Amino acid sequence: VYLGLGSNLGAKKTNLIRGLKDLGRRINLTKLSSIYETLPWGYKAQPTFLNCVCVGVTTLLPMQLLQAVKETESLVGRVPNFDGGPRVFDADILFYGQSVVREAGLQIPHPRLKLRAFVLVPLAEVAPEFCHPIGGKTVRQLLSEVEGKSGVRMWERSPTRIADIFEE
């Protein structure tokens with residue numbers, strides 16, 4: 001599975017680490033991108049974000065994974081807000097292997113993934129040759145086509161070992 005993570009309220013990096021630690025208890029995290037500082041997308045009158053992408057392996061079914069992600073968001077401090085508004089922690093399921101899921105409340109691949117440089121830049125760092133299950137383009141190809149890359153800048157390099165995030 002590929003998850004996009006973000007935070008733009010409070011101690012943003014701490015929020016990401018707390019989310020990763022909780023997700024790491026629920027799925028086997030195998031890879032983590034660098035952290036990027038990104039301009040808001042959609043609703044622009046809010047603070048900049050820190051974003052990253054993690055890769056993991058899970059036996060959870062897609063709806064179970066969504067429930068786990070929502071529980072992690074709540075644990076880190078996310079409260080209901082308007083769509084695209086500021087948030088303490090956000091986690092989106094980007095891909096679930098090559099599966100295509102269309103259920104009430106869950107669409108995989110993430111339906112706006114191809115429009116979001118703040119997702120594609122870190123995703124291309126960890127999985128540049130991964131093929132989108134609809135259309136077959138690689139993440140690298142999707143990144144070359146997306147607008148807004150200038151609003152995404154490296155903030156902190158990825159740790160050399162995924163276990164390093166659990167020691168922070």
# chains A, B, ... in the order shown; residues from 1 in each chain; ligands from 1

$ residues_around --residues "Asp83 in chain A" --least-positions-apart "5" --cutoff "12 Å" --atoms "only C-alpha atoms" --output "PyMOL selection string"
chain A and resi 41-43+90

$ residues_around --residues "Phe89 in chain A" --least-positions-apart "5" --cutoff "9 Å" --atoms "only C-alpha atoms" --output "MDAnalysis selection string"
chainID A and resid 5:9 12 15:16 19 72:74 76:78

$ write_last_selection --atoms "N, CA, C and O atoms" --output "tab-separated table (two decimals), in the first residue's frame"
chain	number	residue	atom	x	y	z
A	5	LEU	N	0.83	11.33	3.37
A	5	LEU	CA	0.64	11.91	4.70
A	5	LEU	C	0.91	13.40	4.66
A	5	LEU	O	1.78	13.86	3.92
A	6	GLY	N	0.17	14.16	5.48
A	6	GLY	CA	0.39	15.59	5.52
A	6	GLY	C	-0.04	16.20	6.83
A	6	GLY	O	-0.85	15.63	7.57
A	7	SER	N	0.52	17.38	7.12
A	7	SER	CA	0.17	18.15	8.31
A	7	SER	C	0.46	19.62	8.05
A	7	SER	O	1.50	19.94	7.46
A	8	ASN	N	-0.45	20.50	8.48
A	8	ASN	CA	-0.14	21.93	8.38
A	8	ASN	C	-0.58	22.73	9.60
A	8	ASN	O	-0.65	23.94	9.56
A	9	LEU	N	-0.83	22.04	10.70
A	9	LEU	CA	-1.16	22.70	11.96
A	9	LEU	C	-0.28	22.16	13.08
A	9	LEU	O	0.05	20.97	13.09
A	12	LYS	N	4.20	20.25	12.95
A	12	LYS	CA	3.93	19.46	11.75
A	12	LYS	C	4.78	18.18	11.66
A	12	LYS	O	4.24	17.10	11.40
A	15	ASN	N	3.69	15.71	14.22
A	15	ASN	CA	2.43	15.10	13.81
A	15	ASN	C	2.66	13.97	12.81
A	15	ASN	O	2.05	12.89	12.91
A	16	LEU	N	3.53	14.22	11.83
A	16	LEU	CA	3.84	13.18	10.85
A	16	LEU	C	4.46	11.96	11.52
A	16	LEU	O	4.08	10.82	11.22
A	19	GLY	N	1.89	10.01	13.45
A	19	GLY	CA	1.07	9.26	12.52
A	19	GLY	C	1.79	8.04	11.97
A	19	GLY	O	1.23	6.95	11.90
A	72	THR	N	-5.93	6.52	13.02
A	72	THR	CA	-4.64	7.20	13.19
A	72	THR	C	-4.82	8.70	13.10
A	72	THR	O	-4.26	9.45	13.91
A	73	GLU	N	-5.59	9.17	12.14
A	73	GLU	CA	-5.84	10.60	12.02
A	73	GLU	C	-6.42	11.17	13.31
A	73	GLU	O	-5.97	12.20	13.81
A	74	SER	N	-7.40	10.48	13.87
A	74	SER	CA	-8.02	10.94	15.13
A	74	SER	C	-7.02	10.92	16.28
A	74	SER	O	-6.96	11.86	17.07
A	76	VAL	N	-3.84	11.31	16.22
A	76	VAL	CA	-2.86	12.39	16.10
A	76	VAL	C	-3.52	13.75	16.37
A	76	VAL	O	-2.83	14.70	16.71
A	77	GLY	N	-4.83	13.82	16.24
A	77	GLY	CA	-5.51	15.06	16.59
A	77	GLY	C	-6.36	15.70	15.52
A	77	GLY	O	-6.82	16.83	15.67
A	78	ARG	N	-6.60	15.00	14.44
A	78	ARG	CA	-7.45	15.56	13.39
A	78	ARG	C	-8.88	15.68	13.89
A	78	ARG	O	-9.42	14.76	14.50

$ select_by_dssp --residues "range 8-168 of chain A" --states "helix (DSSP H, G or I)" --output "PyMOL selection string"
chain A and resi 12-26+62-76+113-115+117-126+139-145+149-151+162-167

$ closest_residue --among "A:Gly56, A:Gly151, A:Pro128, A:Gly85" --to "Leu3 in chain A" --atoms "only C-alpha atoms"
A:Gly56

$ closest_residue --among "A:Ala68, A:Met63, A:Ile35, A:Val88" --to "Arg157 in chain A" --atoms "only C-alpha atoms"
A:Ile35

$ atom_distance --atom1 "CA of Gln67 in chain A" --atom2 "CA of Thr48 in chain A"
26.7 Å

$ residues_around --residues "Leu60 in chain A" --least-positions-apart "6" --cutoff "12 Å" --atoms "only C-alpha atoms" --output "PyMOL selection string"
chain A and resi 1+26-28+66-69+96

$ select_by_dssp --residues "range 10-88 of chain A" --states "strand (DSSP E)" --output "list in words"
Asn28, Leu29, Thr30, Lys31, Leu32, Ile35, Tyr36, Glu37, Thr38, Phe49, Leu50, Asn51, Cys52, Val53, Cys54, Val55, Gly56 and Val57 of chain A

$ closest_residue --among "A:Leu75, A:Ala163, A:Leu94, A:Leu32" --to "Cys52 in chain A" --atoms "only C-alpha atoms"
A:Leu32

$ atom_distance --atom1 "CA of Ala127 in chain A" --atom2 "CA of Phe95 in chain A"
11.1 Å

$ closest_residue --among "A:Ile165, A:Leu142, A:Ile17, A:Val126" --to "Cys54 in chain A" --atoms "only C-alpha atoms"
A:Val126
